[in-house]
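Visitor: Sharing a structure here in structure tokens format.
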Amino acid sequence: MPAIDEKTALAIAKLARLDLREGLAPGTEEAELKKLVEEFGKIVGYMDILGEVDTEGVEPLYSPMVEPRPPREDAPFTAAAKDADARGAKGAPGKPESSGDPDASFDPDDPDSSAKEDRARWILDDAPMTFGRYFTVPKVV
Amino acid sequence: METMEPVIGLEIHAQLNTRTKLFCACPTEFGAVPNTNVCEVCTGQPGALPRMNGKALELAAKAGLALGSAVNRESLFSRKNYFYPDLPNGFQTSQLDPPICQGGSLTLELGDGTEKTVRLNRIHMEDDAGKCLHDEKRGLSLVDLNRAGTPLIEIVTEPDLSSASEAVNFLKKLHALLVRLGVTKGRMEEGEFRCDVNISLKPKGSPVLGTRAEIKNLNSFKFVGQAIEYEIERQTGVYGRGGSVSQETLHFDSEKGETRSLRSKEEAHDYRYFPQPDLPPVEISGELLARLRETLPPTPEEAKKRLVALGLKPRQAELLLERPGAPEYFHEAHKIDDDAPRIYSLMEELFLPACQKEGLDPSDSLFAPPKLAALAKLLRDGTVGRRKAQELFPDFFAKGSDPSEAVRSGNLSQITDPSELLPMVEKVAGAFEKEAKKFLSGEEKILSFLVGQVMKESRGRACPKTSAELMKNHVKERFAGAAKETV
Ligand SMILES: [Zn+2]
């Protein structure tokens, strides 16, 4: 019995904003869709192997992280803080607060502020489409 | 038709008062240039790992403690999956089960003098989405991710409210409490406190709930009231015509004053929640909870009881509680000197009026609580009289001087009493007769020399102004005849 039927596959595709029929030659759609549904079913069926394990009385494991990850301090990003974080240091020297008023808006003369701006710039530059300082996408409403 | 009654539940989103986002160190400031406060985490770059903001956790737990919720020592973040351009991860990081807080309540005073307790279902933490602007001309949606990842709590009530005015009362009381606790800044015009309303009608007295509609994203108390009024009327009309209300999500158009359908149940989201594997379960220690509990301000009733127990009259306690910062100042001073009535009267007569005049919060005054406590002691001892205290207070207040220090160095006991000053004036006039006569003959400048001698005599304690007056009069009386003789 297939774990996934066509209706479910189409519903999931819709939730993922995928058009399963896109780009298919006319007349091949039904066959292609059938193939996809089968493959999808196989993947889910494979994962179902996990269901065979007897987990009676076993505590649910929500995260594979063994090391505790204590919460961050509520301090804004600075270059110093980022270096410290990269070294895995906790409460490292170069206290994040030391770099001036974190609430001030972007200041091109402030080295930490310009590091922040560089990062924002890289991220914008990597986007497929931008307009001014905005990311853009085809109109959604 | 049977009488219908509204059943209303609220979902309130409050932005937590943190400096940085929930899972990254980007600032949460409002109104920054688009996409300046963004990083790999809050723009959903592959491989970026979120890390929980400890302050956000504390604030969420604090809200729960103040609202009588059970705070879960371990809670879990889940992914709430949906696609929208302002949600770069493709999921919102939220809490399903267990959330940080469960249960709790808030009691309202109703207009008729009775009370109503509104139960809370839960409080959970989640991150906010970015913002979309829609550019009609170019057929584009513009996305600003500065807000993406900002920490929120969502407070979900049980459907215990039954009118627009109750809902608005509830929101106002909740807003005031959360702002007082510092959990949120609560600026509604900036979307820091906003509300979804679930509303249905049911036959009066019936336990069965009707189909509910949800009005999304109301960001003013006024709109909440208007939207509920409108929706009650709309649903009443639908039932009146023999129709049925459909389960749908509505948008309130504040300009037209009406609700409009955003989506129906058929189009409802399927969020496919699952535990967020990138975040470990959220743990909160018993020590942290105890510490947070201590930081909770008492309710107004508790605060009044506490002050009365220390020896204030109920009315005095009320007056003190009306002034922001005053009760805290009182308690600080009272820790050092437990003469509550005297501390109160010093605050009421001298300290608080001075603060008000300067537009100062008591906690910002240089004249800190220990100094007021010291002044209370000097008054009780009789070292300083009431009038003296009044006279010297402006100087103490302005400089933040310690009154007991001033006494020790002699500055405090300035002598203004003429009966105390006169013997010294007489003595000086006798010893410096030549100078006194010069004054009489018109050499006015020499008066300051004579007053200086009085100061010396009094070891600096004489009031110069009073001494000068006394000296003038005394010299005239004593040497006027002699002066004439010499003319
Ligand atoms: Zn970020």
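FYI, nothing fancy with the structure tokens labels: chains A, B, ... in order, residues from 1 per chain, ligands from 1 as they appear.
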Find the spatial neighbours of Gly130 (chain B), counting only C-alpha atoms, within a cut-off of 6 Å - ignore same-chain residues fewer than 6 positions away - and output them as a ChimeraX atom specification.
Guide: /B:86,144-145,147-148
Visitor: Determine, for each residue of chain B having at least one atom at most 6 Å from an atom of chain A, the closest pair of atoms and their separation in Å to one decimal, counting only C-alpha atoms; order by chain and ascending number, as CSV.
Guide:
residue,atom,partner,partner_atom,distance
B:Thr20,CA,A:Pro76,CA,5.6
B:Ala25,CA,A:Pro76,CA,4.8
B:Cys26,CA,A:Pro76,CA,5.8
B:Pro27,CA,A:Pro76,CA,5.7
B:Pro34,CA,A:Arg133,CA,5.9
B:Thr36,CA,A:Ala120,CA,5.7
B:Val38,CA,A:Ala120,CA,5.8
B:Met52,CA,A:Pro71,CA,4.9
B:Asn53,CA,A:Arg72,CA,4.8
B:Gly54,CA,A:Pro71,CA,4.6
B:Lys55,CA,A:Asp74,CA,5.8
B:Gly139,CA,A:Lys139,CA,5.2
B:Leu140,CA,A:Lys139,CA,4.2
B:Ser141,CA,A:Lys139,CA,4.5
B:Leu142,CA,A:Thr136,CA,4.6
B:Val143,CA,A:Phe135,CA,5.0
B:Asp144,CA,A:Tyr134,CA,5.8
B:Pro277,CA,A:Ser63,CA,5.5
B:Pro280,CA,A:Ser63,CA,5.4
Visitor: Atoms to include: C-alpha atoms. Write the selected residues as a PDB file, in the first residue's frame.
Guide:
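Wrote result.pdb, looks like this:
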ATOM      1  CA  THR B  20      18.703  42.040  20.148  1.00  0.00           C
ATOM      2  CA  ALA B  25      22.580  39.508  17.851  1.00  0.00           C
ATOM      3  CA  CYS B  26      20.974  41.905  15.365  1.00  0.00           C
ATOM      4  CA  PRO B  27      19.476  45.015  17.014  1.00  0.00           C
ATOM      5  CA  PRO B  34      15.628  48.597   5.434  1.00  0.00           C
ATOM      6  CA  THR B  36      20.477  46.973   7.866  1.00  0.00           C
ATOM      7  CA  VAL B  38      20.070  41.561   9.301  1.00  0.00           C
ATOM      8  CA  MET B  52      18.477  31.753  22.113  1.00  0.00           C
ATOM      9  CA  ASN B  53      18.502  35.240  23.698  1.00  0.00           C
ATOM     10  CA  GLY B  54      18.567  34.769  27.493  1.00  0.00           C
ATOM     11  CA  LYS B  55      16.840  38.088  28.169  1.00  0.00           C
ATOM     12  CA  GLY B 139       4.358  44.049  -9.822  1.00  0.00           C
ATOM     13  CA  LEU B 140       6.863  43.447  -7.057  1.00  0.00           C
ATOM     14  CA  SER B 141       6.769  42.783  -3.352  1.00  0.00           C
ATOM     15  CA  LEU B 142       9.576  44.535  -1.472  1.00  0.00           C
ATOM     16  CA  VAL B 143      10.880  42.740   1.594  1.00  0.00           C
ATOM     17  CA  ASP B 144      12.523  44.334   4.640  1.00  0.00           C
ATOM     18  CA  PRO B 277      16.169  20.511  15.573  1.00  0.00           C
ATOM     19  CA  PRO B 280      17.967  22.468  22.266  1.00  0.00           C
TER      20      PRO B 280
END
Visitor: Using only C-alpha atoms and all ligand atoms, what are the residues with an atom within 7 Å of ligand 1, set out as a VMD selection string?
Guide: chain B and resid 21 24 to 26 37 to 43 149
Visitor: Hey, which of B:Thr249, B:Ser345, B:Gln226, B:Ser163 ends up closest to Leu312 (chain B)? Count only C-alpha atoms.
Guide: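 That would be B:Ser345, the residue with the smallest distance to Leu312 (chain B).
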Visitor: Suppose you want the space between CA of Thr295 (chain B) and CA of Gly64 (chain B); what is it in Å?
Guide: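 Spanning CA of Thr295 (chain B) to CA of Gly64 (chain B) is a straight-line distance of 13.0 Å.
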Visitor: Would you mind reading off the distance between CA of Phe274 (chain B) and CA of Arg79 (chain B), one decimal, in Å?
Guide: 5.5 Å
Visitor: Can you list, as a ChimeraX atom specification, all residues belonging to region 22-177 of chain B that DSSP tags as strand (DSSP E)?
Guide: /B:70-71,74-75,78-81,91-94,101-102,105-109,115-127,131-135,140-144,151-157
Visitor: Please provide the set of residues having any atom within 12 Å of region 24-33 of chain A, restricted to only C-alpha atoms, with same-chain residues fewer than 6 positions apart removed, written as number ranges by chain.
Guide: A: 5-7, 9-10, 13, 39-40
Visitor: List as number ranges by chain the protein and nucleic acid residues near Asp402 (chain B), meaning an atom at most 9 Å away when only C-alpha atoms are counted, but skip any in the same chain fewer than 4 places from it.
Guide: B: 367-368, 370-372, 374-375, 396, 406-407
Visitor: Can you spit out the residues from that selection as an mmCIF file, in the first residue's frame, using N, CA, C and O atoms?
Guide:
data_model
loop_
_atom_site.group_PDB
_atom_site.id
_atom_site.type_symbol
_atom_site.label_atom_id
_atom_site.label_comp_id
_atom_site.auth_asym_id
_atom_site.auth_seq_id
_atom_site.Cartn_x
_atom_site.Cartn_y
_atom_site.Cartn_z
ATOM 1 N N PHE B 367 19.894 63.527 45.827
ATOM 2 C CA PHE B 367 19.578 63.379 47.239
ATOM 3 C C PHE B 367 18.980 61.984 47.445
ATOM 4 O O PHE B 367 17.770 61.785 47.485
ATOM 5 N N ALA B 368 19.868 61.004 47.542
ATOM 6 C CA ALA B 368 19.478 59.595 47.563
ATOM 7 C C ALA B 368 18.813 59.223 48.897
ATOM 8 O O ALA B 368 18.961 59.939 49.887
ATOM 9 N N PRO B 370 19.425 57.311 51.465
ATOM 10 C CA PRO B 370 20.144 57.353 52.749
ATOM 11 C C PRO B 370 20.265 58.773 53.293
ATOM 12 O O PRO B 370 20.317 58.981 54.507
ATOM 13 N N LYS B 371 20.304 59.756 52.402
ATOM 14 C CA LYS B 371 20.442 61.146 52.838
ATOM 15 C C LYS B 371 19.155 61.634 53.491
ATOM 16 O O LYS B 371 19.186 62.350 54.485
ATOM 17 N N LEU B 372 18.022 61.218 52.914
ATOM 18 C CA LEU B 372 16.753 61.588 53.520
ATOM 19 C C LEU B 372 16.602 60.896 54.879
ATOM 20 O O LEU B 372 16.123 61.488 55.850
ATOM 21 N N ALA B 374 19.027 60.170 56.865
ATOM 22 C CA ALA B 374 19.907 60.891 57.786
ATOM 23 C C ALA B 374 19.227 62.154 58.297
ATOM 24 O O ALA B 374 19.299 62.490 59.484
ATOM 25 N N LEU B 375 18.535 62.843 57.398
ATOM 26 C CA LEU B 375 17.831 64.064 57.787
ATOM 27 C C LEU B 375 16.717 63.737 58.790
ATOM 28 O O LEU B 375 16.504 64.471 59.760
ATOM 29 N N PHE B 396 20.662 71.039 50.005
ATOM 30 C CA PHE B 396 20.939 69.592 50.090
ATOM 31 C C PHE B 396 20.470 68.894 48.820
ATOM 32 O O PHE B 396 21.150 68.056 48.244
ATOM 33 N N ALA B 406 27.025 67.357 56.855
ATOM 34 C CA ALA B 406 26.968 68.809 56.964
ATOM 35 C C ALA B 406 26.971 69.246 58.427
ATOM 36 O O ALA B 406 27.599 70.233 58.790
ATOM 37 N N VAL B 407 26.278 68.470 59.270
ATOM 38 C CA VAL B 407 26.260 68.790 60.699
ATOM 39 C C VAL B 407 27.654 68.657 61.279
ATOM 40 O O VAL B 407 28.147 69.514 62.004
#
Visitor: Neighbouring residues of Leu447 (chain B) were defined as those with any atom within 12 Å, considering only C-alpha atoms; residues of the same chain fewer than 4 positions away were excluded. Please report them as a list in words.
Guide: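 Within the cut-off, the hits are Val425, Val428, Ala429, Phe432, Glu435, Ala436, Lys437, Lys438, Phe439, Leu440, Ser441, Gly442, Glu443, Val451, Gly452, Gln453, Val454, Pro464, Lys465, Ser467, Ala468, Glu469, Leu470, Met471, Lys472, Asn473, His474 and Val475 of chain B.
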Visitor: Dump N, CA and C atoms for the selected residues as an mmCIF file, in the first residue's frame?
Guide:
data_model
loop_
_atom_site.group_PDB
_atom_site.id
_atom_site.type_symbol
_atom_site.label_atom_id
_atom_site.label_comp_id
_atom_site.auth_asym_id
_atom_site.auth_seq_id
_atom_site.Cartn_x
_atom_site.Cartn_y
_atom_site.Cartn_z
ATOM 1 N N VAL B 425 26.941 90.065 67.836
ATOM 2 C CA VAL B 425 26.973 91.358 67.159
ATOM 3 C C VAL B 425 27.440 92.440 68.133
ATOM 4 N N VAL B 428 31.167 92.161 68.828
ATOM 5 C CA VAL B 428 31.994 92.628 67.714
ATOM 6 C C VAL B 428 31.968 94.162 67.637
ATOM 7 N N ALA B 429 30.764 94.732 67.792
ATOM 8 C CA ALA B 429 30.638 96.190 67.714
ATOM 9 C C ALA B 429 31.484 96.867 68.800
ATOM 10 N N PHE B 432 35.252 96.445 67.874
ATOM 11 C CA PHE B 432 35.693 97.216 66.701
ATOM 12 C C PHE B 432 34.923 98.533 66.615
ATOM 13 N N GLU B 435 35.749 100.964 63.671
ATOM 14 C CA GLU B 435 35.196 100.537 62.386
ATOM 15 C C GLU B 435 33.695 100.783 62.347
ATOM 16 N N ALA B 436 33.025 100.517 63.512
ATOM 17 C CA ALA B 436 31.576 100.703 63.583
ATOM 18 C C ALA B 436 31.226 102.161 63.345
ATOM 19 N N LYS B 437 32.008 103.051 63.933
ATOM 20 C CA LYS B 437 31.728 104.471 63.747
ATOM 21 C C LYS B 437 31.971 104.905 62.305
ATOM 22 N N LYS B 438 33.003 104.308 61.680
ATOM 23 C CA LYS B 438 33.260 104.618 60.264
ATOM 24 C C LYS B 438 32.035 104.274 59.416
ATOM 25 N N PHE B 439 31.445 103.150 59.745
ATOM 26 C CA PHE B 439 30.230 102.728 59.018
ATOM 27 C C PHE B 439 29.147 103.785 59.155
ATOM 28 N N LEU B 440 28.964 104.250 60.410
ATOM 29 C CA LEU B 440 27.925 105.245 60.684
ATOM 30 C C LEU B 440 28.163 106.533 59.909
ATOM 31 N N SER B 441 29.446 106.854 59.739
ATOM 32 C CA SER B 441 29.743 108.103 59.042
ATOM 33 C C SER B 441 29.673 107.938 57.528
ATOM 34 N N GLY B 442 29.204 106.808 57.083
ATOM 35 C CA GLY B 442 28.929 106.653 55.645
ATOM 36 C C GLY B 442 29.816 105.655 54.913
ATOM 37 N N GLU B 443 30.781 105.103 55.599
ATOM 38 C CA GLU B 443 31.661 104.138 54.925
ATOM 39 C C GLU B 443 31.006 102.753 54.936
ATOM 40 N N VAL B 451 30.573 92.124 59.642
ATOM 41 C CA VAL B 451 29.854 90.841 59.530
ATOM 42 C C VAL B 451 30.851 89.685 59.516
ATOM 43 N N GLY B 452 31.950 89.897 58.838
ATOM 44 C CA GLY B 452 33.006 88.887 58.812
ATOM 45 C C GLY B 452 33.485 88.540 60.215
ATOM 46 N N GLN B 453 33.582 89.570 61.071
ATOM 47 C CA GLN B 453 33.992 89.324 62.456
ATOM 48 C C GLN B 453 32.947 88.490 63.202
ATOM 49 N N VAL B 454 31.655 88.755 62.879
ATOM 50 C CA VAL B 454 30.580 87.966 63.494
ATOM 51 C C VAL B 454 30.689 86.502 63.033
ATOM 52 N N PRO B 464 24.783 85.309 57.366
ATOM 53 C CA PRO B 464 25.349 86.619 57.033
ATOM 54 C C PRO B 464 24.290 87.696 56.859
ATOM 55 N N LYS B 465 23.185 87.314 56.239
ATOM 56 C CA LYS B 465 22.171 88.310 55.960
ATOM 57 C C LYS B 465 21.573 88.876 57.257
ATOM 58 N N SER B 467 22.873 88.705 60.219
ATOM 59 C CA SER B 467 23.930 89.372 60.982
ATOM 60 C C SER B 467 24.119 90.814 60.503
ATOM 61 N N ALA B 468 24.069 90.999 59.191
ATOM 62 C CA ALA B 468 24.265 92.338 58.629
ATOM 63 C C ALA B 468 23.154 93.281 59.089
ATOM 64 N N GLU B 469 21.917 92.767 59.032
ATOM 65 C CA GLU B 469 20.781 93.583 59.486
ATOM 66 C C GLU B 469 20.944 93.977 60.944
ATOM 67 N N LEU B 470 21.261 92.975 61.760
ATOM 68 C CA LEU B 470 21.398 93.209 63.196
ATOM 69 C C LEU B 470 22.524 94.211 63.469
ATOM 70 N N MET B 471 23.619 94.047 62.730
ATOM 71 C CA MET B 471 24.776 94.915 62.928
ATOM 72 C C MET B 471 24.425 96.373 62.626
ATOM 73 N N LYS B 472 23.739 96.572 61.458
ATOM 74 C CA LYS B 472 23.344 97.932 61.077
ATOM 75 C C LYS B 472 22.548 98.599 62.201
ATOM 76 N N ASN B 473 21.501 97.887 62.627
ATOM 77 C CA ASN B 473 20.613 98.454 63.641
ATOM 78 C C ASN B 473 21.343 98.709 64.957
ATOM 79 N N HIS B 474 22.139 97.716 65.351
ATOM 80 C CA HIS B 474 22.825 97.820 66.624
ATOM 81 C C HIS B 474 23.809 98.991 66.628
ATOM 82 N N VAL B 475 24.572 99.120 65.549
ATOM 83 C CA VAL B 475 25.567 100.195 65.479
ATOM 84 C C VAL B 475 24.888 101.557 65.526
#
Visitor: Taking the DSSP secondary structure from the backbone, can you list the residues of region 334-436 of chain B that are alpha helix (DSSP H), as an MDAnalysis selection string?
Guide: chainID B and resid 334:336 340:346 352:358 369:381 386:399 403:408 418:431 433:436
Visitor: With only C-alpha atoms as the counted atoms, please give the residues lying no more than 12 Å from Gln247 (chain B), apart from itself and same-chain residues fewer than 2 positions off, as an mmCIF file with N, CA and C atoms, in the first residue's frame.
Guide:
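Okay, this is what ended up in result-v7.cif:
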data_model
loop_
_atom_site.group_PDB
_atom_site.id
_atom_site.type_symbol
_atom_site.label_atom_id
_atom_site.label_comp_id
_atom_site.auth_asym_id
_atom_site.auth_seq_id
_atom_site.Cartn_x
_atom_site.Cartn_y
_atom_site.Cartn_z
ATOM 1 N N ASN B 198 -10.745 36.166 18.389
ATOM 2 C CA ASN B 198 -11.610 35.060 17.974
ATOM 3 C C ASN B 198 -12.997 35.339 18.504
ATOM 4 N N ILE B 199 -13.972 35.280 17.627
ATOM 5 C CA ILE B 199 -15.310 35.669 18.075
ATOM 6 C C ILE B 199 -16.388 34.791 17.443
ATOM 7 N N SER B 200 -17.311 34.347 18.298
ATOM 8 C CA SER B 200 -18.450 33.567 17.808
ATOM 9 C C SER B 200 -19.675 33.964 18.622
ATOM 10 N N GLY B 210 -20.529 28.516 18.986
ATOM 11 C CA GLY B 210 -20.807 28.640 17.556
ATOM 12 C C GLY B 210 -19.510 28.624 16.755
ATOM 13 N N THR B 211 -19.670 28.687 15.436
ATOM 14 C CA THR B 211 -18.482 28.752 14.570
ATOM 15 C C THR B 211 -17.819 30.109 14.743
ATOM 16 N N ARG B 212 -16.489 30.094 14.856
ATOM 17 C CA ARG B 212 -15.836 31.366 15.161
ATOM 18 C C ARG B 212 -15.115 31.923 13.947
ATOM 19 N N ALA B 213 -15.045 33.236 13.933
ATOM 20 C CA ALA B 213 -14.239 33.930 12.933
ATOM 21 C C ALA B 213 -13.071 34.560 13.673
ATOM 22 N N GLU B 214 -11.957 34.726 12.970
ATOM 23 C CA GLU B 214 -10.779 35.311 13.601
ATOM 24 C C GLU B 214 -10.422 36.613 12.908
ATOM 25 N N ILE B 215 -10.371 37.701 13.698
ATOM 26 C CA ILE B 215 -9.968 38.996 13.134
ATOM 27 C C ILE B 215 -8.494 39.188 13.467
ATOM 28 N N GLN B 235 -22.393 38.896 12.519
ATOM 29 C CA GLN B 235 -22.778 37.510 12.776
ATOM 30 C C GLN B 235 -24.239 37.417 13.216
ATOM 31 N N SER B 244 -25.570 30.676 8.197
ATOM 32 C CA SER B 244 -24.597 30.194 9.168
ATOM 33 C C SER B 244 -23.263 30.914 8.955
ATOM 34 N N VAL B 245 -22.569 31.140 10.063
ATOM 35 C CA VAL B 245 -21.286 31.834 10.022
ATOM 36 C C VAL B 245 -20.231 30.824 9.586
ATOM 37 N N THR B 249 -10.838 33.722 8.348
ATOM 38 C CA THR B 249 -9.918 34.705 8.892
ATOM 39 C C THR B 249 -10.262 36.047 8.286
ATOM 40 N N LEU B 250 -10.423 37.055 9.154
ATOM 41 C CA LEU B 250 -10.885 38.360 8.690
ATOM 42 C C LEU B 250 -9.824 39.427 8.918
ATOM 43 N N SER B 261 -13.072 39.231 4.528
ATOM 44 C CA SER B 261 -12.487 37.892 4.590
ATOM 45 C C SER B 261 -11.092 37.871 3.974
ATOM 46 N N LEU B 262 -10.138 37.278 4.718
ATOM 47 C CA LEU B 262 -8.790 37.081 4.183
ATOM 48 C C LEU B 262 -8.679 35.695 3.553
ATOM 49 N N ARG B 263 -9.165 34.703 4.293
ATOM 50 C CA ARG B 263 -9.176 33.348 3.748
ATOM 51 C C ARG B 263 -10.200 32.510 4.510
ATOM 52 N N SER B 264 -10.704 31.496 3.822
ATOM 53 C CA SER B 264 -11.701 30.638 4.443
ATOM 54 C C SER B 264 -11.021 29.401 5.015
ATOM 55 N N LYS B 265 -11.821 28.551 5.632
ATOM 56 C CA LYS B 265 -11.274 27.363 6.276
ATOM 57 C C LYS B 265 -10.601 26.434 5.263
ATOM 58 N N GLU B 266 -11.191 26.377 4.068
ATOM 59 C CA GLU B 266 -10.629 25.470 3.042
ATOM 60 C C GLU B 266 -9.194 25.867 2.695
ATOM 61 N N GLU B 267 -8.943 27.199 2.775
ATOM 62 C CA GLU B 267 -7.606 27.660 2.429
ATOM 63 C C GLU B 267 -6.712 27.732 3.667
ATOM 64 N N ALA B 268 -7.255 27.296 4.797
ATOM 65 C CA ALA B 268 -6.525 27.441 6.059
ATOM 66 C C ALA B 268 -5.157 26.790 5.951
#
Visitor: For Pro98 (chain B), please output as a ChimeraX atom specification all residues within 8 Å (counting only C-alpha atoms; exclusion window: fewer than 3 positions along the same chain).
Guide: /B:72,74-76,95
Visitor: For Pro46 (chain B), which of B:Pro403, B:Gly68, B:Pro85, B:Gly90 is the closest residue, counting only C-alpha atoms?
Guide: B:Gly90
